[in-house]
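Chemist: Below are the structure tokens for one structure; questions will follow.
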Amino acid sequence: MADARTCSLCGVTIKQNALGDQVIFSYGPPGTRSKLWSRVCKFVGDRPGCINQDVSSVGAVQPGDEYEPFPDGQPKP
């Protein structure tokens, strides 16, 4: 049976199981710990409460984990 933890800072849920952890975001498809770290956790620094700061659990950042920059450097209005 999977064990789940919810982060008190960002609200995501990480389901831990033998096949690998699955991150449940508030919107969009499930992801990985490295995607969560790339998009959220690295920006919170050492604030207490983040459940995704263990480097050995996060793993290597993969292509597509980080948001792609806007093509011209600016968001569209």
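In the structure tokens, chains take the letters A, B, ... in the order shown, each chain's residues start at 1, and ligands count up from 1 in the order shown.
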Tell me, which residues of chain A carry DSSP alpha helix (DSSP H), written as number ranges by chain?

Modeler: A: 33-39, 55-58

Chemist: Can you tell me, as a PyMOL selection string, what residues are no more than 12 Å from Asp54 of chain A when counting only C-alpha atoms, ignoring any on the same chain fewer than 2 positions away?

Modeler: chain A and resi 33-34+37+41-42+46+50-52+56-60

Chemist: Given only C-alpha atoms as the basis, pick out the residue of A:Val55, A:Arg47, A:Gln74, A:Val61 nearest to Cys7 of chain A.

Modeler: A:Arg47

Chemist: Taking the backbone alone, and naming residues the way the document does, which bits of chain A are strand (DSSP E) by DSSP, as an NGL selection string?

Modeler: :A and (3-6 or 13-16 or 22-24)

Chemist: Residues at most 12 Å from segment 19-25 of chain A, counting only C-alpha atoms, excluding those fewer than 3 positions away in the same chain, as an MDAnalysis selection string?

Modeler: chainID A and resid 1:7 10:16 28:37 39:40 51:52 57:59

Chemist: Could you please determine the separation between atom CA of Tyr67 of chain A and atom CA of Pro48 of chain A in Å, to one decimal place?

Modeler: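 Interatomic distance, atom CA of Tyr67 of chain A to atom CA of Pro48 of chain A: 24.6 Å.
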